Amino acid sequence: MRRTVLKSLLASAVLAATVGLPAAQAADKEIVIGGSIPMSGVFAFAGIGIHAGIQDYVKMTNDAGGIEGHMLRYVPEDSAYKVDQSVAAFKKITSQNKVNFYYGDSTAFSKTINPELDRAGSMIMSGASFATELNDPQKFPYQFIAGPDYTQQFGILLRYIAQQKPGAKVAFVYSDTEFGRDPIESSRGVAKELGLNVAIEIMTPPGAVDVSTEMAKLRRARADYTIFHGYILGPIPEFISQSRQLGLQTQFMGTFWTMDNSTVMQMGEAAEGFMGVMPYNYYYDDSAPAPMLEKIRSMRTEYQNVPYIQGFLSAMLYAESARRTLAAGQEMSAANLKAALNSIENFDTGGLIGVPISIRGNTIPVGRIYRADVQAKRMVPASDWIVLE
């Protein structure tokens with residue numbers, strides 16, 4: 001037993017010596033990112049991208065020498081998009097590591113784990129959720145969203161609509177889930193402020209197949225624009241196909257989780273002209289200088305989905321808040337890290353987002369409208385970048 005302990009201590013001392021640090025300080029010279037990542041289950045398509053994005057940013061940063069003498073270390077666990085599994089992963093990772101940042105897989109997890117973040121006071125968290133509820137620095141002081149929340153996404157869409165057709169009639173079609181209902185009530189008021197008329201609101205089960213009844217309602221409403229929310233794909237293609245058969249003239253639009261290029265193109269011909277809001281440039285965008293996208297493309301030559309970009313940007317923001325905290329000679333506490341994050345103004349993401357970003361509250365309230373070009377098999381810009389104040 002004594003020999004084993006001595007060997008372990010010797011190994012620690014050798015490892016510390018190789019990085020020029022006393023053994024006691026070796027663990028302090030790293031920045032740890034933990035994550036409940038849905039690598040399996042219904043949300044795996046996003047989790048795999050998120051995981052790769054965080055992983056790539058960590059590698060890129062460490063290859064460049066780290067941050068203020070600290071190396072990044074990423075410690076993920078598969079959550080399977082289940083709250084209990086996500087919580088178990090969080091407890092395991094945080095009990096075994098001095099975690100500074102954490103990535104969560106869902107709104108439910110973000111809300112469940114929030115008291116633990118408050119009690120720990122040692123880390124800040126972002127994740128896959130864009131829930132409006134999380135954009136409350138009083139209730140969620142140590143969390144943030146690497147993009148606009150769902151209400152802000154609706155706000156960007158509605159501002160675009162008001163610019164294109166003042167006084168337009170708008171339909172909201174959303175799933176009967178917390179995700180689907182999230183921005184609806186607050187967006188009624190935004191539409192009214194912009195002089196738009198919410199002609200109808202239609203709620204469906206998230207996996208609805210038969211939408212004929214809803215389609216009849218939509219036809220009677222004769223909305224100029226129809227915004228879908230709370231879905232990934234279905235039943236959007238069915239709505240579009242039936243509306244075209246009926247000769248309905250409405251512009252269909254979506255929010256973040258519908259808007260990945262590969263998701264939209266699964267609609268086939270129905271995707272032509274489909275529009276929506278996206279807070280990031282797509283992997284393939286080369287319309288303006290984007291050094292960070294170029295680095296990503298050099299690391300991964302095949303298309304990376306928008307969850308990848310979101311994971312990559314989250315890691316970038318973790319690193320920037322750590323850099324500012326360390327440069328100020330401050331302790332890496334949750335309060336200091338969040339204050340550093342909220343000091344970000346006009347920050348250049350290297351082209352991940354097409355304009356410099358500022359953190360407002362718990363979000364980055366910026367986005368752009370894109371349109372599907374089926375022949376090119378790409379989402380293409382339909383507007384300039386829209387920044388909410």
# chains A, B, ... in the order shown; residues from 1 in each chain; ligands from 1

$ residues_around --residues "segment 99-115 of chain A" --least-positions-apart "4" --cutoff "6 Å" --atoms "only C-alpha atoms" --output "ChimeraX atom specification"
/A:32-37,83,94,123-129

$ write_last_selection --atoms "C-alpha atoms" --output "mmCIF file, in the first residue's frame"
data_model
loop_
_atom_site.group_PDB
_atom_site.id
_atom_site.type_symbol
_atom_site.label_atom_id
_atom_site.label_comp_id
_atom_site.auth_asym_id
_atom_site.auth_seq_id
_atom_site.Cartn_x
_atom_site.Cartn_y
_atom_site.Cartn_z
ATOM 1 C CA VAL A 32 -12.142 23.103 -16.202
ATOM 2 C CA ILE A 33 -15.250 22.939 -18.401
ATOM 3 C CA GLY A 34 -17.756 20.299 -17.342
ATOM 4 C CA GLY A 35 -20.748 19.255 -19.389
ATOM 5 C CA SER A 36 -23.958 17.239 -19.343
ATOM 6 C CA ILE A 37 -23.892 16.544 -23.074
ATOM 7 C CA VAL A 83 -32.753 15.444 -16.372
ATOM 8 C CA THR A 94 -18.140 18.641 -9.919
ATOM 9 C CA MET A 123 -18.794 28.274 -11.772
ATOM 10 C CA ILE A 124 -21.003 29.786 -14.445
ATOM 11 C CA MET A 125 -23.101 27.857 -16.933
ATOM 12 C CA SER A 126 -24.564 28.052 -20.421
ATOM 13 C CA GLY A 127 -26.232 25.334 -22.444
ATOM 14 C CA ALA A 128 -28.498 24.200 -25.229
ATOM 15 C CA SER A 129 -31.525 26.086 -23.900
#

$ residues_around --residues "Asn62 of chain A" --least-positions-apart "4" --cutoff "8 Å" --atoms "only C-alpha atoms" --output "PyMOL selection string"
chain A and resi 58+66-67+71-72

$ write_last_selection --atoms "N, CA and C atoms" --output "mmCIF file, in the first residue's frame"
data_model
loop_
_atom_site.group_PDB
_atom_site.id
_atom_site.type_symbol
_atom_site.label_atom_id
_atom_site.label_comp_id
_atom_site.auth_asym_id
_atom_site.auth_seq_id
_atom_site.Cartn_x
_atom_site.Cartn_y
_atom_site.Cartn_z
ATOM 1 N N VAL A 58 -11.322 24.029 -27.169
ATOM 2 C CA VAL A 58 -10.357 23.704 -26.116
ATOM 3 C C VAL A 58 -9.008 23.346 -26.721
ATOM 4 N N GLY A 66 -2.849 28.242 -24.133
ATOM 5 C CA GLY A 66 -3.797 28.399 -23.029
ATOM 6 C C GLY A 66 -4.175 29.847 -22.760
ATOM 7 N N ILE A 67 -4.620 30.105 -21.540
ATOM 8 C CA ILE A 67 -5.112 31.432 -21.148
ATOM 9 C C ILE A 67 -4.387 31.876 -19.888
ATOM 10 N N MET A 71 -4.240 26.029 -18.783
ATOM 11 C CA MET A 71 -4.736 25.207 -19.875
ATOM 12 C C MET A 71 -6.207 24.863 -19.617
ATOM 13 N N LEU A 72 -6.955 24.709 -20.691
ATOM 14 C CA LEU A 72 -8.346 24.302 -20.584
ATOM 15 C C LEU A 72 -8.450 22.782 -20.501
#

$ closest_residue --among "A:Met60, A:Met267, A:Val42, A:Leu134" --to "Met299 of chain A" --atoms "only C-alpha atoms"
A:Met60

$ closest_atom_pairs --of "segment 61-149 of chain A" --to "segment 177-182 of chain A" --cutoff "9 Å" --atoms "only C-alpha atoms" --output "JSON lines"
{"residue": "A:Thr107", "atom": "CA", "partner": "A:Phe179", "partner_atom": "CA", "distance": 8.4}
{"residue": "A:Ala131", "atom": "CA", "partner": "A:Asp182", "partner_atom": "CA", "distance": 6.9}
{"residue": "A:Thr132", "atom": "CA", "partner": "A:Asp182", "partner_atom": "CA", "distance": 6.7}
{"residue": "A:Glu133", "atom": "CA", "partner": "A:Asp182", "partner_atom": "CA", "distance": 8.2}

$ select_by_dssp --residues "segment 116-332 of chain A" --states "alpha helix (DSSP H)" --output "VMD selection string"
chain A and resid 116 to 120 150 to 164 178 to 181 184 to 193 212 to 221 236 to 245 261 to 265 291 to 299 306 to 327

$ write_last_selection --atoms "C-alpha atoms" --output "PDB file, in the first residue's frame"
ATOM      1  CA  GLU A 116     -26.592  24.077  -6.871  1.00  0.00           C
ATOM      2  CA  LEU A 117     -24.854  26.794  -8.913  1.00  0.00           C
ATOM      3  CA  ASP A 118     -25.949  29.424  -6.404  1.00  0.00           C
ATOM      4  CA  ARG A 119     -24.707  27.349  -3.463  1.00  0.00           C
ATOM      5  CA  ALA A 120     -21.370  26.478  -5.074  1.00  0.00           C
ATOM      6  CA  TYR A 150     -36.759  32.550 -27.691  1.00  0.00           C
ATOM      7  CA  THR A 151     -38.653  35.798 -27.115  1.00  0.00           C
ATOM      8  CA  GLN A 152     -35.745  37.730 -28.614  1.00  0.00           C
ATOM      9  CA  GLN A 153     -35.722  35.350 -31.597  1.00  0.00           C
ATOM     10  CA  PHE A 154     -39.403  36.154 -32.156  1.00  0.00           C
ATOM     11  CA  GLY A 155     -38.540  39.835 -31.726  1.00  0.00           C
ATOM     12  CA  ILE A 156     -35.938  39.640 -34.488  1.00  0.00           C
ATOM     13  CA  LEU A 157     -38.405  37.869 -36.809  1.00  0.00           C
ATOM     14  CA  LEU A 158     -41.171  40.374 -36.044  1.00  0.00           C
ATOM     15  CA  ARG A 159     -38.868  43.353 -36.650  1.00  0.00           C
ATOM     16  CA  TYR A 160     -37.910  41.903 -40.002  1.00  0.00           C
ATOM     17  CA  ILE A 161     -41.590  41.385 -40.883  1.00  0.00           C
ATOM     18  CA  ALA A 162     -42.467  44.966 -39.848  1.00  0.00           C
ATOM     19  CA  GLN A 163     -39.689  46.263 -42.108  1.00  0.00           C
ATOM     20  CA  GLN A 164     -40.839  44.153 -45.052  1.00  0.00           C
ATOM     21  CA  GLU A 178     -42.957  24.423 -22.401  1.00  0.00           C
ATOM     22  CA  PHE A 179     -40.505  24.956 -25.266  1.00  0.00           C
ATOM     23  CA  GLY A 180     -43.324  25.774 -27.699  1.00  0.00           C
ATOM     24  CA  ARG A 181     -45.292  28.093 -25.418  1.00  0.00           C
ATOM     25  CA  ILE A 184     -45.928  33.311 -27.367  1.00  0.00           C
ATOM     26  CA  GLU A 185     -47.482  35.549 -24.710  1.00  0.00           C
ATOM     27  CA  SER A 186     -44.675  38.112 -24.654  1.00  0.00           C
ATOM     28  CA  SER A 187     -44.477  38.164 -28.469  1.00  0.00           C
ATOM     29  CA  ARG A 188     -48.105  39.267 -28.773  1.00  0.00           C
ATOM     30  CA  GLY A 189     -47.091  42.536 -27.126  1.00  0.00           C
ATOM     31  CA  VAL A 190     -43.994  42.892 -29.330  1.00  0.00           C
ATOM     32  CA  ALA A 191     -46.112  42.404 -32.451  1.00  0.00           C
ATOM     33  CA  LYS A 192     -48.576  45.053 -31.284  1.00  0.00           C
ATOM     34  CA  GLU A 193     -45.751  47.530 -30.572  1.00  0.00           C
ATOM     35  CA  SER A 212     -55.748  19.298 -41.635  1.00  0.00           C
ATOM     36  CA  THR A 213     -57.861  20.929 -38.893  1.00  0.00           C
ATOM     37  CA  GLU A 214     -55.102  23.403 -38.078  1.00  0.00           C
ATOM     38  CA  MET A 215     -54.561  24.029 -41.767  1.00  0.00           C
ATOM     39  CA  ALA A 216     -58.209  25.035 -42.180  1.00  0.00           C
ATOM     40  CA  LYS A 217     -57.793  27.598 -39.385  1.00  0.00           C
ATOM     41  CA  LEU A 218     -54.607  28.937 -40.951  1.00  0.00           C
ATOM     42  CA  ARG A 219     -56.326  29.247 -44.325  1.00  0.00           C
ATOM     43  CA  ARG A 220     -59.151  31.311 -42.822  1.00  0.00           C
ATOM     44  CA  ALA A 221     -56.679  33.590 -41.018  1.00  0.00           C
ATOM     45  CA  ILE A 236     -43.624  21.935 -40.476  1.00  0.00           C
ATOM     46  CA  PRO A 237     -43.225  20.198 -43.891  1.00  0.00           C
ATOM     47  CA  GLU A 238     -46.846  19.013 -43.742  1.00  0.00           C
ATOM     48  CA  PHE A 239     -48.090  22.530 -43.080  1.00  0.00           C
ATOM     49  CA  ILE A 240     -46.048  23.880 -45.995  1.00  0.00           C
ATOM     50  CA  SER A 241     -47.124  21.124 -48.427  1.00  0.00           C
ATOM     51  CA  GLN A 242     -50.819  21.515 -47.615  1.00  0.00           C
ATOM     52  CA  SER A 243     -50.669  25.296 -47.816  1.00  0.00           C
ATOM     53  CA  ARG A 244     -49.161  25.100 -51.297  1.00  0.00           C
ATOM     54  CA  GLN A 245     -51.826  22.653 -52.414  1.00  0.00           C
ATOM     55  CA  ASN A 261     -29.055  23.760 -42.761  1.00  0.00           C
ATOM     56  CA  SER A 262     -29.285  19.953 -42.708  1.00  0.00           C
ATOM     57  CA  THR A 263     -32.655  20.075 -40.878  1.00  0.00           C
ATOM     58  CA  VAL A 264     -34.254  22.493 -43.335  1.00  0.00           C
ATOM     59  CA  MET A 265     -32.978  20.566 -46.352  1.00  0.00           C
ATOM     60  CA  PRO A 291     -10.930  33.698 -39.418  1.00  0.00           C
ATOM     61  CA  MET A 292     -12.555  31.504 -36.767  1.00  0.00           C
ATOM     62  CA  LEU A 293     -14.799  29.807 -39.333  1.00  0.00           C
ATOM     63  CA  GLU A 294     -11.732  29.266 -41.504  1.00  0.00           C
ATOM     64  CA  LYS A 295      -9.964  27.559 -38.585  1.00  0.00           C
ATOM     65  CA  ILE A 296     -13.016  25.381 -38.003  1.00  0.00           C
ATOM     66  CA  ARG A 297     -13.143  24.407 -41.668  1.00  0.00           C
ATOM     67  CA  SER A 298      -9.429  23.528 -41.566  1.00  0.00           C
ATOM     68  CA  MET A 299     -10.053  21.269 -38.539  1.00  0.00           C
ATOM     69  CA  VAL A 306     -25.306  25.017 -35.779  1.00  0.00           C
ATOM     70  CA  PRO A 307     -25.169  23.217 -32.387  1.00  0.00           C
ATOM     71  CA  TYR A 308     -21.441  22.834 -33.125  1.00  0.00           C
ATOM     72  CA  ILE A 309     -21.158  26.610 -33.589  1.00  0.00           C
ATOM     73  CA  GLN A 310     -23.144  27.170 -30.394  1.00  0.00           C
ATOM     74  CA  GLY A 311     -20.873  24.830 -28.403  1.00  0.00           C
ATOM     75  CA  PHE A 312     -17.756  26.424 -29.888  1.00  0.00           C
ATOM     76  CA  LEU A 313     -18.993  29.945 -29.077  1.00  0.00           C
ATOM     77  CA  SER A 314     -19.930  28.909 -25.534  1.00  0.00           C
ATOM     78  CA  ALA A 315     -16.377  27.684 -24.965  1.00  0.00           C
ATOM     79  CA  MET A 316     -15.013  30.904 -26.466  1.00  0.00           C
ATOM     80  CA  LEU A 317     -17.090  32.961 -24.028  1.00  0.00           C
ATOM     81  CA  TYR A 318     -15.986  30.767 -21.101  1.00  0.00           C
ATOM     82  CA  ALA A 319     -12.379  31.394 -22.105  1.00  0.00           C
ATOM     83  CA  GLU A 320     -12.868  35.134 -22.515  1.00  0.00           C
ATOM     84  CA  SER A 321     -14.493  35.520 -19.093  1.00  0.00           C
ATOM     85  CA  ALA A 322     -11.652  33.464 -17.560  1.00  0.00           C
ATOM     86  CA  ARG A 323      -9.057  35.566 -19.352  1.00  0.00           C
ATOM     87  CA  ARG A 324     -10.568  38.826 -18.069  1.00  0.00           C
ATOM     88  CA  THR A 325     -10.877  37.492 -14.524  1.00  0.00           C
ATOM     89  CA  LEU A 326      -7.285  36.223 -14.409  1.00  0.00           C
ATOM     90  CA  ALA A 327      -5.895  39.357 -16.072  1.00  0.00           C
TER      91      ALA A 327
END

$ residues_around --residues "Gly351 of chain A" --least-positions-apart "2" --cutoff "8 Å" --atoms "only C-alpha atoms" --output "PyMOL selection string"
chain A and resi 281+288-293+348-349+353-355

$ write_last_selection --atoms "N, CA and C atoms" --output "PDB file, in the first residue's frame"
ATOM      1  N   ASN A 281     -23.337  32.673 -38.023  1.00  0.00           N
ATOM      2  CA  ASN A 281     -23.044  32.339 -39.405  1.00  0.00           C
ATOM      3  C   ASN A 281     -23.007  30.815 -39.539  1.00  0.00           C
ATOM      4  N   ALA A 288     -17.917  37.171 -45.827  1.00  0.00           N
ATOM      5  CA  ALA A 288     -17.087  38.198 -45.189  1.00  0.00           C
ATOM      6  C   ALA A 288     -15.941  37.496 -44.472  1.00  0.00           C
ATOM      7  N   PRO A 289     -14.854  38.222 -44.204  1.00  0.00           N
ATOM      8  CA  PRO A 289     -13.732  37.587 -43.490  1.00  0.00           C
ATOM      9  C   PRO A 289     -14.197  36.974 -42.170  1.00  0.00           C
ATOM     10  N   ALA A 290     -13.856  35.706 -41.967  1.00  0.00           N
ATOM     11  CA  ALA A 290     -14.270  34.986 -40.756  1.00  0.00           C
ATOM     12  C   ALA A 290     -13.158  34.025 -40.359  1.00  0.00           C
ATOM     13  N   PRO A 291     -12.090  34.542 -39.738  1.00  0.00           N
ATOM     14  CA  PRO A 291     -10.930  33.698 -39.418  1.00  0.00           C
ATOM     15  C   PRO A 291     -11.258  32.497 -38.542  1.00  0.00           C
ATOM     16  N   MET A 292     -12.230  32.634 -37.634  1.00  0.00           N
ATOM     17  CA  MET A 292     -12.555  31.504 -36.767  1.00  0.00           C
ATOM     18  C   MET A 292     -13.279  30.412 -37.555  1.00  0.00           C
ATOM     19  N   LEU A 293     -14.154  30.802 -38.465  1.00  0.00           N
ATOM     20  CA  LEU A 293     -14.799  29.807 -39.333  1.00  0.00           C
ATOM     21  C   LEU A 293     -13.773  29.118 -40.221  1.00  0.00           C
ATOM     22  N   ASP A 348     -15.291  40.671 -30.867  1.00  0.00           N
ATOM     23  CA  ASP A 348     -15.163  40.042 -32.184  1.00  0.00           C
ATOM     24  C   ASP A 348     -15.083  38.526 -32.015  1.00  0.00           C
ATOM     25  N   THR A 349     -16.059  37.808 -32.546  1.00  0.00           N
ATOM     26  CA  THR A 349     -16.081  36.345 -32.451  1.00  0.00           C
ATOM     27  C   THR A 349     -15.325  35.671 -33.591  1.00  0.00           C
ATOM     28  N   ILE A 353     -20.386  35.097 -35.382  1.00  0.00           N
ATOM     29  CA  ILE A 353     -21.504  36.015 -35.533  1.00  0.00           C
ATOM     30  C   ILE A 353     -20.975  37.177 -36.364  1.00  0.00           C
ATOM     31  N   GLY A 354     -21.799  37.677 -37.277  1.00  0.00           N
ATOM     32  CA  GLY A 354     -21.304  38.618 -38.278  1.00  0.00           C
ATOM     33  C   GLY A 354     -21.119  40.048 -37.830  1.00  0.00           C
ATOM     34  N   VAL A 355     -21.443  40.340 -36.562  1.00  0.00           N
ATOM     35  CA  VAL A 355     -21.208  41.671 -35.996  1.00  0.00           C
ATOM     36  C   VAL A 355     -20.577  41.495 -34.618  1.00  0.00           C
TER      37      VAL A 355
END

$ residues_around --residues "Lys169 of chain A" --least-positions-apart "4" --cutoff "10 Å" --atoms "only C-alpha atoms" --output "PyMOL selection string"
chain A and resi 161-162+165+191+195-200+221-226+250

$ write_last_selection --atoms "C-alpha atoms" --output "mmCIF file, in the first residue's frame"
data_model
loop_
_atom_site.group_PDB
_atom_site.id
_atom_site.type_symbol
_atom_site.label_atom_id
_atom_site.label_comp_id
_atom_site.auth_asym_id
_atom_site.auth_seq_id
_atom_site.Cartn_x
_atom_site.Cartn_y
_atom_site.Cartn_z
ATOM 1 C CA ILE A 161 -41.590 41.385 -40.883
ATOM 2 C CA ALA A 162 -42.467 44.966 -39.848
ATOM 3 C CA LYS A 165 -44.593 44.667 -44.721
ATOM 4 C CA ALA A 191 -46.112 42.404 -32.451
ATOM 5 C CA GLY A 195 -47.911 47.572 -35.635
ATOM 6 C CA LEU A 196 -48.389 43.926 -36.631
ATOM 7 C CA ASN A 197 -51.619 41.957 -36.285
ATOM 8 C CA VAL A 198 -51.430 38.479 -34.728
ATOM 9 C CA ALA A 199 -54.222 36.975 -36.820
ATOM 10 C CA ILE A 200 -54.229 33.517 -35.207
ATOM 11 C CA ALA A 221 -56.679 33.590 -41.018
ATOM 12 C CA ARG A 222 -54.874 34.455 -44.287
ATOM 13 C CA ALA A 223 -51.713 35.518 -42.476
ATOM 14 C CA ASP A 224 -48.904 37.113 -44.459
ATOM 15 C CA TYR A 225 -46.305 35.376 -42.291
ATOM 16 C CA THR A 226 -46.482 32.167 -40.236
ATOM 17 C CA THR A 250 -48.000 32.960 -46.431
#

$ closest_residue --among "A:Ile31, A:Ala168, A:Ala328, A:Val75" --to "Phe90 of chain A" --atoms "only C-alpha atoms"
A:Val75

$ closest_atom_pairs --of "segment 187-297 of chain A" --to "segment 146-149 of chain A" --cutoff "10 Å" --atoms "only C-alpha atoms" --output "JSON lines"
{"residue": "A:Phe256", "atom": "CA", "partner": "A:Pro148", "partner_atom": "CA", "distance": 9.4}
{"residue": "A:Val277", "atom": "CA", "partner": "A:Pro148", "partner_atom": "CA", "distance": 10.0}
{"residue": "A:Met278", "atom": "CA", "partner": "A:Gly147", "partner_atom": "CA", "distance": 9.0}
{"residue": "A:Pro279", "atom": "CA", "partner": "A:Gly147", "partner_atom": "CA", "distance": 6.0}
{"residue": "A:Tyr280", "atom": "CA", "partner": "A:Gly147", "partner_atom": "CA", "distance": 8.3}

$ select_by_dssp --residues "segment 96-229 of chain A" --states "strand (DSSP E)" --output "PyMOL selection string"
chain A and resi 99-104+124-127+169-175+197-204+225-229

$ atom_distance --atom1 "atom CA of Glu201 of chain A" --atom2 "atom CA of Ile227 of chain A"
9.7 Å

$ atom_distance --atom1 "atom CA of Gly350 of chain A" --atom2 "atom CA of Gly53 of chain A"
14.7 Å

$ atom_distance --atom1 "atom CA of Asp78 of chain A" --atom2 "atom CA of Thr301 of chain A"
25.3 Å

$ closest_residue --among "A:Gly361, A:Pro206, A:Gly69, A:Gly367" --to "Pro141 of chain A" --atoms "only C-alpha atoms"
A:Gly361

$ residues_around --residues "segment 370-379 of chain A" --least-positions-apart "4" --cutoff "7 Å" --atoms "only C-alpha atoms" --output "PyMOL selection string"
chain A and resi 261+265+269+271-277

$ decode --residues "segment 172-186 of chain A" --atoms "N, CA and C atoms" --output "PDB file, in the first residue's frame"
ATOM      1  N   PHE A 172     -48.946  32.570 -35.319  1.00  0.00           N
ATOM      2  CA  PHE A 172     -48.015  31.839 -34.468  1.00  0.00           C
ATOM      3  C   PHE A 172     -48.484  30.383 -34.417  1.00  0.00           C
ATOM      4  N   VAL A 173     -47.617  29.456 -34.835  1.00  0.00           N
ATOM      5  CA  VAL A 173     -47.926  28.028 -34.757  1.00  0.00           C
ATOM      6  C   VAL A 173     -46.866  27.396 -33.852  1.00  0.00           C
ATOM      7  N   TYR A 174     -47.310  26.766 -32.762  1.00  0.00           N
ATOM      8  CA  TYR A 174     -46.339  26.303 -31.773  1.00  0.00           C
ATOM      9  C   TYR A 174     -46.779  24.991 -31.137  1.00  0.00           C
ATOM     10  N   SER A 175     -45.803  24.280 -30.571  1.00  0.00           N
ATOM     11  CA  SER A 175     -46.085  22.981 -29.958  1.00  0.00           C
ATOM     12  C   SER A 175     -46.621  23.150 -28.553  1.00  0.00           C
ATOM     13  N   ASP A 176     -47.398  22.174 -28.133  1.00  0.00           N
ATOM     14  CA  ASP A 176     -47.980  22.164 -26.800  1.00  0.00           C
ATOM     15  C   ASP A 176     -46.951  21.632 -25.798  1.00  0.00           C
ATOM     16  N   THR A 177     -45.868  22.382 -25.642  1.00  0.00           N
ATOM     17  CA  THR A 177     -44.772  22.045 -24.728  1.00  0.00           C
ATOM     18  C   THR A 177     -44.307  23.340 -24.084  1.00  0.00           C
ATOM     19  N   GLU A 178     -43.539  23.221 -23.009  1.00  0.00           N
ATOM     20  CA  GLU A 178     -42.957  24.423 -22.401  1.00  0.00           C
ATOM     21  C   GLU A 178     -42.099  25.165 -23.417  1.00  0.00           C
ATOM     22  N   PHE A 179     -41.337  24.419 -24.189  1.00  0.00           N
ATOM     23  CA  PHE A 179     -40.505  24.956 -25.266  1.00  0.00           C
ATOM     24  C   PHE A 179     -41.372  25.739 -26.258  1.00  0.00           C
ATOM     25  N   GLY A 180     -42.468  25.147 -26.698  1.00  0.00           N
ATOM     26  CA  GLY A 180     -43.324  25.774 -27.699  1.00  0.00           C
ATOM     27  C   GLY A 180     -44.026  27.021 -27.190  1.00  0.00           C
ATOM     28  N   ARG A 181     -44.519  26.972 -25.958  1.00  0.00           N
ATOM     29  CA  ARG A 181     -45.292  28.093 -25.418  1.00  0.00           C
ATOM     30  C   ARG A 181     -44.413  29.268 -24.980  1.00  0.00           C
ATOM     31  N   ASP A 182     -43.132  29.022 -24.798  1.00  0.00           N
ATOM     32  CA  ASP A 182     -42.220  29.989 -24.191  1.00  0.00           C
ATOM     33  C   ASP A 182     -42.412  31.442 -24.664  1.00  0.00           C
ATOM     34  N   PRO A 183     -42.266  31.739 -25.970  1.00  0.00           N
ATOM     35  CA  PRO A 183     -42.256  33.152 -26.364  1.00  0.00           C
ATOM     36  C   PRO A 183     -43.613  33.723 -26.774  1.00  0.00           C
ATOM     37  N   ILE A 184     -44.670  32.919 -26.718  1.00  0.00           N
ATOM     38  CA  ILE A 184     -45.928  33.311 -27.367  1.00  0.00           C
ATOM     39  C   ILE A 184     -46.575  34.520 -26.689  1.00  0.00           C
ATOM     40  N   GLU A 185     -46.777  34.460 -25.387  1.00  0.00           N
ATOM     41  CA  GLU A 185     -47.482  35.549 -24.710  1.00  0.00           C
ATOM     42  C   GLU A 185     -46.737  36.874 -24.847  1.00  0.00           C
ATOM     43  N   SER A 186     -45.440  36.866 -24.589  1.00  0.00           N
ATOM     44  CA  SER A 186     -44.675  38.112 -24.654  1.00  0.00           C
ATOM     45  C   SER A 186     -44.582  38.646 -26.081  1.00  0.00           C
TER      46      SER A 186
END
